[in-house]
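Shown next: model_29.txt, given as compact mmCIF, C-alpha atoms (C1' of nucleotides).
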# COMPACT_ATOMS: atom_id res chain seq x y z
CA MET A 1 -111.16 -112.77 15.34
CA GLY A 2 -109.91 -112.69 18.93
CA ASN A 3 -106.49 -111.35 17.96
CA ASP A 4 -103.64 -110.90 20.35
CA PRO A 5 -104.17 -107.35 21.67
CA GLY A 6 -100.41 -106.80 21.62
CA GLU A 7 -100.44 -107.58 17.90
CA GLU A 8 -103.10 -104.92 17.38
CA LYS A 9 -100.91 -102.33 19.08
CA ARG A 10 -97.90 -103.35 17.01
CA GLU A 11 -99.97 -102.80 13.88
CA LYS A 12 -101.15 -99.39 15.09
CA ILE A 13 -97.55 -98.37 15.66
CA PHE A 14 -96.55 -99.77 12.27
CA SER A 15 -99.23 -97.87 10.41
CA ALA A 16 -98.50 -94.62 12.24
CA THR A 17 -94.80 -95.03 11.46
CA LEU A 18 -95.52 -95.75 7.80
CA LYS A 19 -97.75 -92.70 7.47
CA LEU A 20 -95.27 -90.32 9.06
CA ILE A 21 -92.21 -91.68 7.27
CA ALA A 22 -93.97 -91.44 3.90
CA GLU A 23 -94.75 -87.81 4.71
CA LYS A 24 -91.64 -86.64 6.56
CA GLY A 25 -88.87 -89.17 6.01
CA PHE A 26 -86.97 -91.22 8.59
CA HIS A 27 -85.34 -88.44 10.54
CA GLY A 28 -88.35 -86.18 10.13
CA THR A 29 -90.40 -88.77 12.01
CA ALA A 30 -90.06 -88.37 15.76
CA MET A 31 -90.92 -91.24 18.08
CA SER A 32 -93.14 -88.87 20.03
CA LYS A 33 -95.07 -88.11 16.84
CA VAL A 34 -95.40 -91.81 16.05
CA ALA A 35 -96.83 -92.29 19.54
CA ARG A 36 -99.33 -89.45 19.11
CA GLU A 37 -100.38 -90.69 15.65
CA ALA A 38 -100.83 -94.23 16.95
CA GLY A 39 -102.77 -92.98 19.97
CA VAL A 40 -100.35 -94.47 22.49
CA SER A 41 -97.77 -93.11 24.87
CA ALA A 42 -94.17 -92.55 23.86
CA GLY A 43 -92.82 -95.18 26.20
CA ILE A 44 -94.89 -98.12 25.00
CA ILE A 45 -93.15 -98.23 21.60
CA TYR A 46 -90.06 -99.40 23.45
CA HIS A 47 -92.06 -102.24 24.90
CA TYR A 48 -92.69 -103.60 21.40
CA PHE A 49 -89.48 -102.51 19.65
CA GLU A 50 -85.94 -102.16 20.89
CA ASN A 51 -85.43 -98.72 19.35
CA LYS A 52 -86.26 -96.56 16.34
CA ASP A 53 -83.97 -98.42 13.95
CA GLU A 54 -85.47 -101.79 14.83
CA LEU A 55 -88.96 -100.37 14.41
CA ILE A 56 -88.14 -99.18 10.90
CA ILE A 57 -86.43 -102.42 9.86
CA GLU A 58 -89.27 -104.54 11.23
CA LEU A 59 -91.75 -102.35 9.36
CA TYR A 60 -89.78 -102.87 6.14
CA LYS A 61 -89.79 -106.63 6.56
CA GLU A 62 -93.49 -106.68 7.32
CA LEU A 63 -94.34 -104.59 4.26
CA LYS A 64 -92.04 -106.61 1.99
CA ARG A 65 -93.77 -109.78 3.16
CA GLN A 66 -97.16 -108.26 2.46
CA MET A 67 -96.10 -107.24 -1.03
CA ALA A 68 -94.60 -110.65 -1.81
CA ASP A 69 -97.83 -112.32 -0.65
CA SER A 70 -99.83 -110.05 -2.89
CA LEU A 71 -97.60 -110.77 -5.92
CA VAL A 72 -97.64 -114.51 -5.47
CA ARG A 73 -101.24 -114.94 -4.38
CA ASN A 74 -102.81 -115.28 -7.84
CA PHE A 75 -99.63 -116.11 -9.73
CA ASP A 76 -100.34 -118.79 -12.34
CA GLN A 77 -97.32 -120.95 -13.13
CA THR A 78 -99.10 -122.66 -16.01
CA GLN A 79 -99.19 -119.46 -18.04
CA PRO A 80 -96.57 -118.75 -20.73
CA LEU A 81 -93.56 -116.79 -19.47
CA THR A 82 -94.52 -113.62 -21.26
CA ALA A 83 -97.82 -113.58 -19.48
CA GLN A 84 -96.11 -114.36 -16.17
CA VAL A 85 -93.69 -111.45 -16.49
CA ARG A 86 -96.46 -109.10 -17.47
CA TYR A 87 -98.50 -110.34 -14.56
CA ILE A 88 -95.74 -109.72 -12.03
CA CYS A 89 -94.96 -106.34 -13.52
CA GLY A 90 -98.62 -105.38 -13.50
CA GLU A 91 -99.22 -106.58 -9.96
CA CYS A 92 -96.16 -104.67 -8.87
CA PHE A 93 -97.51 -101.46 -10.34
CA ARG A 94 -100.99 -102.00 -9.01
CA TYR A 95 -99.69 -102.81 -5.56
CA HIS A 96 -97.55 -99.71 -5.31
CA LEU A 97 -100.24 -97.49 -6.81
CA LYS A 98 -102.72 -98.87 -4.35
CA HIS A 99 -100.32 -98.37 -1.45
CA PRO A 100 -98.53 -95.11 -2.20
CA ARG A 101 -97.15 -94.80 1.32
CA GLN A 102 -95.43 -98.13 0.92
CA ALA A 103 -93.99 -96.99 -2.40
CA LEU A 104 -92.58 -93.88 -0.73
CA PHE A 105 -91.29 -95.93 2.18
CA PHE A 106 -89.64 -98.58 0.00
CA GLN A 107 -87.88 -95.91 -2.05
CA GLN A 108 -86.55 -94.22 1.04
CA PHE A 109 -85.49 -97.49 2.61
CA ALA A 110 -83.64 -98.63 -0.51
CA THR A 111 -81.61 -95.42 -0.55
CA SER A 112 -80.85 -95.40 3.17
CA PRO A 113 -78.15 -96.96 5.32
CA TYR A 114 -80.78 -99.39 6.64
CA TYR A 115 -80.66 -101.20 3.31
CA THR A 116 -78.19 -104.09 3.53
CA THR A 117 -77.52 -107.33 1.71
CA ARG A 118 -78.42 -109.21 4.86
CA ILE A 119 -81.95 -107.89 5.05
CA GLU A 120 -82.50 -108.27 1.32
CA LYS A 121 -81.30 -111.88 1.33
CA GLU A 122 -83.51 -112.55 4.34
CA MET A 123 -86.49 -111.46 2.26
CA ARG A 124 -85.54 -113.59 -0.77
CA CYS A 125 -87.48 -116.60 0.45
CA HIS A 126 -90.78 -114.78 0.01
CA PHE A 127 -90.10 -114.28 -3.69
CA GLY A 128 -89.11 -117.89 -4.38
CA VAL A 129 -91.76 -118.72 -6.99
CA ILE A 130 -91.09 -115.54 -8.87
CA SER A 131 -87.33 -115.85 -9.11
CA GLU A 132 -87.59 -119.51 -10.08
CA THR A 133 -89.84 -118.54 -12.95
CA PHE A 134 -87.32 -116.01 -14.18
CA GLU A 135 -84.48 -118.51 -13.95
CA ARG A 136 -86.40 -120.91 -16.14
CA GLY A 137 -87.11 -118.09 -18.56
CA MET A 138 -83.40 -117.39 -18.83
CA GLN A 139 -82.50 -121.04 -19.35
CA GLU A 140 -85.00 -121.25 -22.18
CA MET A 141 -83.56 -118.03 -23.65
CA ILE A 142 -86.93 -116.34 -23.55
CA ILE A 143 -85.60 -113.47 -21.46
CA LYS A 144 -82.14 -111.95 -21.21
CA ASP A 145 -79.66 -113.67 -18.92
CA LEU A 146 -79.32 -110.81 -16.40
CA PRO A 147 -78.59 -111.12 -12.66
CA GLY A 148 -81.64 -111.40 -10.43
CA PRO A 149 -81.19 -107.99 -8.76
CA VAL A 150 -81.08 -106.33 -12.19
CA ILE A 151 -84.38 -107.90 -13.23
CA GLU A 152 -85.80 -106.89 -9.84
CA THR A 153 -84.71 -103.34 -10.45
CA LEU A 154 -86.35 -103.25 -13.86
CA LEU A 155 -89.65 -104.58 -12.57
CA ILE A 156 -90.03 -103.75 -8.90
CA ASP A 157 -87.88 -100.64 -8.45
CA VAL A 158 -89.22 -99.04 -11.61
CA ALA A 159 -92.75 -99.69 -10.40
CA SER A 160 -92.17 -98.24 -6.94
CA SER A 161 -90.24 -95.31 -8.37
CA LEU A 162 -93.07 -94.45 -10.75
CA ALA A 163 -95.68 -95.00 -8.07
CA LYS A 164 -93.78 -92.57 -5.89
CA LYS A 165 -93.73 -89.97 -8.65
CA HIS A 166 -97.43 -90.57 -9.15
CA ALA A 167 -98.03 -90.08 -5.42
CA VAL A 168 -96.29 -86.72 -5.38
CA GLY A 169 -97.99 -85.62 -8.62
CA LEU A 170 -94.97 -85.68 -10.92
CA VAL A 171 -96.74 -87.95 -13.41
CA GLU A 172 -100.25 -89.33 -13.80
CA LEU A 173 -100.18 -93.10 -14.09
CA THR A 174 -103.33 -93.96 -16.01
CA ASP A 175 -104.16 -97.60 -16.77
CA ALA A 176 -103.15 -96.99 -20.38
CA LEU A 177 -99.78 -95.56 -19.38
CA VAL A 178 -99.10 -98.43 -17.00
CA ASP A 179 -99.78 -100.84 -19.86
CA ARG A 180 -97.37 -98.99 -22.11
CA VAL A 181 -94.67 -98.98 -19.45
CA MET A 182 -95.15 -102.71 -18.95
CA ASP A 183 -94.78 -103.20 -22.71
CA ALA A 184 -91.58 -101.16 -22.64
CA LEU A 185 -90.18 -103.19 -19.75
CA TRP A 186 -90.98 -106.44 -21.49
CA GLU A 187 -89.01 -105.18 -24.49
CA ALA A 188 -86.10 -104.55 -22.15
CA ILE A 189 -86.18 -107.97 -20.56
CA ARG A 190 -87.06 -110.30 -23.42
CA ASN A 191 -84.43 -111.91 -25.60
CA MET B 192 -56.42 -70.62 -11.84
CA GLY B 193 -56.51 -68.00 -9.06
CA ASN B 194 -59.99 -68.96 -7.94
CA ASP B 195 -62.04 -66.90 -5.57
CA PRO B 196 -61.16 -68.43 -2.17
CA GLY B 197 -64.77 -67.98 -1.09
CA GLU B 198 -65.78 -70.16 -4.04
CA GLU B 199 -63.43 -72.89 -2.85
CA LYS B 200 -65.05 -72.88 0.56
CA ARG B 201 -68.50 -73.02 -0.99
CA GLU B 202 -67.44 -76.10 -2.94
CA LYS B 203 -66.03 -77.77 0.16
CA ILE B 204 -69.33 -77.20 1.93
CA PHE B 205 -71.25 -78.48 -1.09
CA SER B 206 -69.28 -81.69 -1.35
CA ALA B 207 -69.52 -82.35 2.38
CA THR B 208 -73.28 -81.79 2.24
CA LEU B 209 -73.67 -84.09 -0.76
CA LYS B 210 -71.71 -86.85 0.90
CA LEU B 211 -73.68 -86.70 4.14
CA ILE B 212 -77.10 -86.35 2.55
CA ALA B 213 -76.44 -89.31 0.24
CA GLU B 214 -75.52 -91.32 3.32
CA LYS B 215 -77.98 -90.09 5.92
CA GLY B 216 -80.73 -88.13 4.19
CA PHE B 217 -81.77 -84.51 4.71
CA HIS B 218 -82.80 -84.68 8.34
CA GLY B 219 -79.97 -87.04 9.18
CA THR B 220 -77.45 -84.47 8.02
CA ALA B 221 -76.60 -82.03 10.78
CA MET B 222 -75.05 -78.68 9.99
CA SER B 223 -72.36 -79.37 12.57
CA LYS B 224 -71.47 -82.59 10.75
CA VAL B 225 -71.35 -80.77 7.43
CA ALA B 226 -68.95 -78.29 9.01
CA ARG B 227 -66.71 -81.02 10.40
CA GLU B 228 -66.72 -82.95 7.10
CA ALA B 229 -65.88 -79.76 5.18
CA GLY B 230 -63.18 -78.83 7.69
CA VAL B 231 -64.71 -75.48 8.60
CA SER B 232 -66.47 -74.08 11.61
CA ALA B 233 -70.19 -74.41 12.09
CA GLY B 234 -70.83 -70.71 11.89
CA ILE B 235 -69.19 -70.07 8.54
CA ILE B 236 -71.85 -72.02 6.63
CA TYR B 237 -74.27 -69.25 7.55
CA HIS B 238 -71.92 -66.75 5.97
CA TYR B 239 -72.29 -68.48 2.58
CA PHE B 240 -75.86 -69.75 2.88
CA GLU B 241 -78.87 -68.30 4.59
CA ASN B 242 -79.87 -71.56 6.26
CA LYS B 243 -79.97 -75.32 5.77
CA ASP B 244 -82.82 -75.20 3.25
CA GLU B 245 -81.04 -72.69 1.05
CA LEU B 246 -77.86 -74.74 1.21
CA ILE B 247 -79.69 -77.83 -0.03
CA ILE B 248 -81.48 -75.98 -2.81
CA GLU B 249 -78.29 -74.30 -4.01
CA LEU B 250 -76.55 -77.68 -3.97
CA TYR B 251 -79.31 -79.11 -6.11
CA LYS B 252 -78.99 -76.33 -8.65
CA GLU B 253 -75.21 -76.69 -8.79
CA LEU B 254 -75.37 -80.46 -9.33
CA LYS B 255 -78.08 -80.14 -11.97
CA ARG B 256 -75.87 -77.68 -13.82
CA GLN B 257 -72.88 -80.00 -13.60
CA MET B 258 -74.90 -82.91 -14.93
CA ALA B 259 -76.28 -80.88 -17.82
CA ASP B 260 -72.76 -79.76 -18.72
CA SER B 261 -71.52 -83.32 -18.64
CA LEU B 262 -74.34 -84.54 -20.90
CA VAL B 263 -73.89 -81.78 -23.44
CA ARG B 264 -70.06 -81.61 -23.42
CA ASN B 265 -69.36 -84.19 -26.15
CA PHE B 266 -72.77 -84.06 -27.74
CA ASP B 267 -72.47 -84.17 -31.53
CA GLN B 268 -75.38 -82.53 -33.34
CA THR B 269 -74.09 -83.67 -36.73
CA GLN B 270 -74.85 -87.31 -35.84
CA PRO B 271 -78.10 -88.92 -36.99
CA LEU B 272 -80.94 -88.41 -34.53
CA THR B 273 -81.00 -92.03 -33.41
CA ALA B 274 -77.34 -91.82 -32.43
CA GLN B 275 -77.96 -88.53 -30.63
CA VAL B 276 -80.80 -89.91 -28.55
CA ARG B 277 -78.89 -93.06 -27.76
CA TYR B 278 -75.88 -91.02 -26.80
CA ILE B 279 -77.83 -88.95 -24.31
CA CYS B 280 -79.52 -92.01 -22.83
CA GLY B 281 -76.15 -93.70 -22.41
CA GLU B 282 -74.46 -90.65 -20.93
CA CYS B 283 -77.32 -90.09 -18.52
CA PHE B 284 -77.31 -93.68 -17.34
CA ARG B 285 -73.52 -93.74 -16.98
CA TYR B 286 -73.40 -90.35 -15.27
CA HIS B 287 -75.62 -91.55 -12.46
CA LEU B 288 -73.74 -94.80 -12.10
CA LYS B 289 -70.52 -92.83 -11.91
CA HIS B 290 -71.93 -90.34 -9.38
CA PRO B 291 -74.10 -92.44 -7.10
CA ARG B 292 -74.21 -89.73 -4.44
CA GLN B 293 -75.74 -87.33 -6.88
CA ALA B 294 -78.21 -89.98 -8.00
CA LEU B 295 -79.31 -90.58 -4.42
CA PHE B 296 -79.50 -86.87 -3.75
CA PHE B 297 -81.58 -86.19 -6.87
CA GLN B 298 -84.00 -88.94 -5.92
CA GLN B 299 -84.43 -87.57 -2.44
CA PHE B 300 -84.77 -84.02 -3.65
CA ALA B 301 -87.33 -84.82 -6.32
CA THR B 302 -89.75 -86.25 -3.79
CA SER B 303 -89.16 -83.76 -1.02
CA PRO B 304 -90.94 -80.51 -0.24
CA TYR B 305 -87.89 -78.68 -1.59
CA TYR B 306 -88.83 -79.74 -5.11
CA THR B 307 -91.01 -77.12 -6.80
CA THR B 308 -91.96 -76.29 -10.38
CA ARG B 309 -90.23 -72.95 -9.94
CA ILE B 310 -86.82 -74.51 -9.36
CA GLU B 311 -87.31 -76.99 -12.16
CA LYS B 312 -88.24 -74.26 -14.65
CA GLU B 313 -85.19 -72.30 -13.53
CA MET B 314 -83.05 -75.29 -14.50
CA ARG B 315 -84.72 -75.88 -17.88
CA CYS B 316 -82.32 -73.58 -19.70
CA HIS B 317 -79.40 -75.91 -19.04
CA PHE B 318 -81.14 -78.82 -20.74
CA GLY B 319 -82.18 -77.01 -23.91
CA VAL B 320 -80.29 -79.16 -26.42
CA ILE B 321 -81.18 -82.35 -24.56
CA SER B 322 -84.91 -81.83 -24.32
CA GLU B 323 -85.09 -80.68 -27.94
CA THR B 324 -83.35 -83.86 -29.03
CA PHE B 325 -85.77 -86.01 -27.04
CA GLU B 326 -88.74 -84.14 -28.45
CA ARG B 327 -87.55 -84.60 -32.01
CA GLY B 328 -86.88 -88.25 -31.22
CA MET B 329 -90.47 -88.68 -30.11
CA GLN B 330 -91.88 -86.74 -33.08
CA GLU B 331 -89.91 -88.87 -35.53
CA MET B 332 -91.04 -91.99 -33.70
CA ILE B 333 -87.51 -93.08 -32.87
CA ILE B 334 -88.35 -93.37 -29.21
CA LYS B 335 -91.64 -94.06 -27.48
CA ASP B 336 -93.84 -91.09 -26.70
CA LEU B 337 -93.67 -91.43 -22.91
CA PRO B 338 -93.91 -88.64 -20.30
CA GLY B 339 -90.58 -87.14 -19.24
CA PRO B 340 -90.69 -88.52 -15.69
CA VAL B 341 -91.17 -92.06 -17.05
CA ILE B 342 -88.09 -91.80 -19.29
CA GLU B 343 -86.22 -90.30 -16.34
CA THR B 344 -87.19 -93.27 -14.18
CA LEU B 345 -85.93 -95.73 -16.78
CA LEU B 346 -82.59 -93.97 -17.11
CA ILE B 347 -81.91 -92.28 -13.80
CA ASP B 348 -83.80 -94.25 -11.17
CA VAL B 349 -82.71 -97.57 -12.65
CA ALA B 350 -79.13 -96.31 -12.65
CA SER B 351 -79.22 -95.13 -9.05
CA SER B 352 -81.04 -98.24 -7.90
CA LEU B 353 -78.39 -100.42 -9.52
CA ALA B 354 -75.61 -98.23 -8.18
CA LYS B 355 -76.98 -98.70 -4.68
CA LYS B 356 -77.22 -102.47 -5.10
CA HIS B 357 -73.68 -102.45 -6.41
CA ALA B 358 -72.57 -100.42 -3.39
CA VAL B 359 -74.00 -102.89 -0.88
CA GLY B 360 -72.70 -105.86 -2.85
CA LEU B 361 -76.00 -107.24 -4.12
CA VAL B 362 -74.76 -107.21 -7.71
CA GLU B 363 -71.42 -106.58 -9.38
CA LEU B 364 -71.72 -103.95 -12.08
CA THR B 365 -68.96 -104.79 -14.53
CA ASP B 366 -68.52 -102.65 -17.64
CA ALA B 367 -69.94 -105.49 -19.70
CA LEU B 368 -73.03 -105.73 -17.50
CA VAL B 369 -73.57 -101.97 -17.63
CA ASP B 370 -73.45 -102.15 -21.42
CA ARG B 371 -76.00 -104.95 -21.46
CA VAL B 372 -78.35 -103.09 -19.10
CA MET B 373 -78.01 -99.96 -21.22
CA ASP B 374 -78.89 -102.00 -24.32
CA ALA B 375 -81.88 -103.44 -22.52
CA LEU B 376 -83.08 -99.98 -21.51
CA TRP B 377 -82.67 -98.75 -25.06
CA GLU B 378 -84.94 -101.59 -26.18
CA ALA B 379 -87.48 -100.32 -23.68
CA ILE B 380 -87.31 -96.73 -24.82
CA ARG B 381 -86.95 -97.03 -28.60
CA ASN B 382 -89.93 -97.39 -30.85
C1' DC C 383 -56.35 -48.54 9.91
C1' DT C 384 -60.96 -50.74 7.97
C1' DA C 385 -63.55 -54.48 6.14
C1' DT C 386 -64.27 -59.07 5.55
C1' DT C 387 -63.89 -63.78 6.92
C1' DT C 388 -63.86 -67.18 10.45
C1' DT C 389 -64.36 -69.09 14.91
C1' DG C 390 -66.66 -71.84 18.53
C1' DA C 391 -69.23 -71.32 22.65
C1' DA C 392 -73.97 -70.25 23.76
C1' DT C 393 -79.07 -70.86 23.06
C1' DG C 394 -83.48 -72.92 23.28
C1' DA C 395 -86.10 -76.32 20.94
C1' DA C 396 -86.65 -81.03 19.73
C1' DC C 397 -84.93 -85.47 19.77
C1' DG C 398 -84.53 -90.76 21.34
C1' DT C 399 -84.75 -93.19 25.30
C1' DT C 400 -85.56 -94.45 30.27
C1' DC C 401 -88.09 -95.59 34.31
C1' DA C 402 -90.70 -95.06 38.64
C1' DA C 403 -95.31 -94.97 39.03
C1' DT C 404 -99.91 -96.40 37.63
C1' DC C 405 -103.36 -99.12 35.46
C1' DC C 406 -105.89 -103.26 34.62
C1' DA C 407 -107.42 -108.00 33.89
C1' DA C 408 -107.45 -112.48 35.93
C1' DG C 409 -107.72 -115.57 39.70
C1' DG C 410 -107.74 -117.42 44.34
C1' DA C 411 -109.41 -116.70 49.21
C1' DG C 412 -112.75 -115.58 52.43
C1' DC D 413 -119.98 -111.09 45.72
C1' DT D 414 -115.91 -108.63 47.55
C1' DC D 415 -111.18 -108.25 48.57
C1' DC D 416 -106.40 -108.95 47.73
C1' DT D 417 -102.53 -110.35 44.99
C1' DT D 418 -99.90 -110.63 40.94
C1' DG D 419 -97.57 -109.39 36.63
C1' DG D 420 -97.69 -107.54 32.31
C1' DA D 421 -99.25 -103.31 29.81
C1' DT D 422 -99.08 -98.44 29.82
C1' DT D 423 -98.12 -93.81 31.07
C1' DG D 424 -95.70 -89.31 30.77
C1' DA D 425 -92.33 -86.58 33.13
C1' DA D 426 -87.48 -86.41 33.13
C1' DC D 427 -82.73 -87.16 31.22
C1' DG D 428 -78.92 -86.35 28.46
C1' DT D 429 -77.92 -85.49 23.74
C1' DT D 430 -78.08 -83.29 19.45
C1' DC D 431 -80.10 -80.06 16.48
C1' DA D 432 -80.21 -75.32 13.66
C1' DT D 433 -78.94 -71.01 14.37
C1' DT D 434 -76.71 -66.78 16.50
C1' DC D 435 -73.15 -63.62 17.69
C1' DA D 436 -69.34 -61.37 20.18
C1' DA D 437 -64.84 -61.80 19.51
C1' DA D 438 -60.68 -63.05 16.96
C1' DA D 439 -58.13 -63.63 12.80
C1' DT D 440 -56.97 -62.22 8.35
C1' DA D 441 -56.73 -59.36 4.14
C1' DG D 442 -56.28 -55.14 1.77
Kindly transcribe the structure held in the file into structure tokens.
Amino acid sequence: MGNDPGEEKREKIFSATLKLIAEKGFHGTAMSKVAREAGVSAGIIYHYFENKDELIIELYKELKRQMADSLVRNFDQTQPLTAQVRYICGECFRYHLKHPRQALFFQQFATSPYYTTRIEKEMRCHFGVISETFERGMQEMIIKDLPGPVIETLLIDVASSLAKKHAVGLVELTDALVDRVMDALWEAIRN
Amino acid sequence: MGNDPGEEKREKIFSATLKLIAEKGFHGTAMSKVAREAGVSAGIIYHYFENKDELIIELYKELKRQMADSLVRNFDQTQPLTAQVRYICGECFRYHLKHPRQALFFQQFATSPYYTTRIEKEMRCHFGVISETFERGMQEMIIKDLPGPVIETLLIDVASSLAKKHAVGLVELTDALVDRVMDALWEAIRN
DNA sequence: CTATTTTGAATGAACGTTCAATCCAAGGAG
DNA sequence: CTCCTTGGATTGAACGTTCATTCAAAATAG
């Protein structure tokens, strides 16, 4: 896979940034530490990113894209809506449990000044299939007619919040517990 | 109300700290900025608190106490258990919507190195009535037997996530919508 | 007067960012 | 094959700023 070597370096910087931010938070993550963790010099980060803020926002977009891909990849639109919602919910949990650093990062990002409507709307396109499915579910009165961001909160934010608590040891998310939480969320959403 | 003037200053420092931490996070909140926001000199903070860490921990304890008070204030133990549990759920959800800064602060604190079992056990006493009610609710099968942190996520993290989205304009939280979300969450929690 | 509260300049460490200097791969010339 | 040129990639020391914290001195209270 003769990848662009610059792309490789970008990824190294991304993954070092993700690791440190998950551990120490935004302001606890120094650019010099990112450089050390990525095995590059401090200056080179500014060759690939304008500054620290842009690095963090670009990382968020990249991770959001990856998550959306993962949710949509095996999504089956021929299934009944109940199954579709459960699937999305389940994938969400599994994804965040499998990538605890991303869960920690997402939580921090969502409660930071970086989080804006502009960025969130920019990311909407990656979740097209999913939101369309929910809209149809609402029209057919199968699920409650709640605004998209509310549904997102109930599925995605709950998953990342719980995954974060799992990552720091506040709760143990067994498969059985995840199933029960998904059941509970379905009760919340369905009509 | 001839309050201790030192207590007034403490409160000023607390509210400045809360505001800045909710906006910028722990590391993004400089002591000098806290001082400016509180309208005091930088040095005086160290007269009331040993250092930044102690300030943050004391703020957490104070806010936790305030929240517990607010939940218990109009709590009516003569009501049927279902009404009691619902009442607490509703108050909790509304409290965090009403105090988004506290919600953001709690979220940050809970997943930071500041958060320890020791502090949490110290705070238990303020939630006596509340946790007893939840326990009885679970025993009598009124609500689902889910771990505390999961219930907390459904009430508190959902509330603060929605409050944030409301703040950036991603969704408009009308009273009617809040009621509907609260109903939905009750469906998730109840048995 | 004494005792307590308050100030804000001073301190050294750590931060984000810059940039002159170097490295290195690729290619043409001899 | 060797030498020279070229331009982007990379380095790390250096810069100015900001940080948490301290403390002698000033203000205030009793």
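The interatomic distance for the pair CA of Val150 in chain A and CA of Asn74 in chain A works out to 23.9 Å.
Considering the residues B:Asn382, B:Ser232, B:Ser223, B:Ser352 and counting only C-alpha atoms (C1' of nucleotides), DC431 in chain D has its shortest atom-to-atom contact with B:Ser223.
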Would you tabulate, counting all atoms listed in the file, all residues of chain D that have an atom at most 9 Å from an atom of chain A, showing the closest pair of atoms and their distance in Å to one decimal, sorted by chain then ascending number, as a Markdown table?
| residue | atom | partner | partner_atom | distance |
| --- | --- | --- | --- | --- |
| D:DA421 | C1' | A:Ile44 | CA | 8.3 |
| D:DT422 | C1' | A:Ile44 | CA | 6.4 |
| D:DT423 | C1' | A:Ser41 | CA | 6.2 |
| D:DG424 | C1' | A:Ser41 | CA | 7.3 |
Review point. Using only C-alpha atoms (C1' of nucleotides), which of C:DC397, C:DA407, C:DC383, C:DA392 sits nearest chain A?
Key: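 Distance minimum relative to chain A lands on C:DC397.
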Exercise for review: Compare C:DT404, C:DT384, C:DT393, C:DT399 by their minimum atom-to-atom distance to chain A, counting all atoms listed in the file, and give me the closest one.
Suggested key: C:DT399
Practice item. Compute the chain A side of the contact with chain B at 9 Å, counting all atoms listed in the file, and hand it back as a ChimeraX atom specification. Key: /A:23-28,104,107-108,110-113,115-117,120-121,144,146-150,153-154,157-158,161-162,164-165,168,170-171,177,180-181,183-190
Box along x, y and z, 4 Å on every side, all listed atoms of range 421-438 of chain D inside: centre and edge lengths in Å to one decimal, as lines of an AutoDock Vina configuration file.
center_x = -80.0
center_y = -82.3
center_z = 23.4
size_x = 46.6
size_y = 49.9
size_z = 27.5
Review point. In Å to one decimal, how far is C1' of DG394 in chain C from CA of Arg201 in chain B?
Key: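 Going from CA of Arg201 in chain B over to C1' of DG394 in chain C, I get 28.5 Å.
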Review point. Mind listing as a list in words which residues of chain A are within 8 Å of chain C, counting all atoms listed in the file?
Key: Ala30, Met31 and Lys52 of chain A
Exercise for review: Provide the CA of Thr269 in chain B to CA of Cys316 in chain B distance in Å, to one decimal place.
Suggested key: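 According to the coordinates, CA of Thr269 in chain B and CA of Cys316 in chain B are separated by 21.4 Å.
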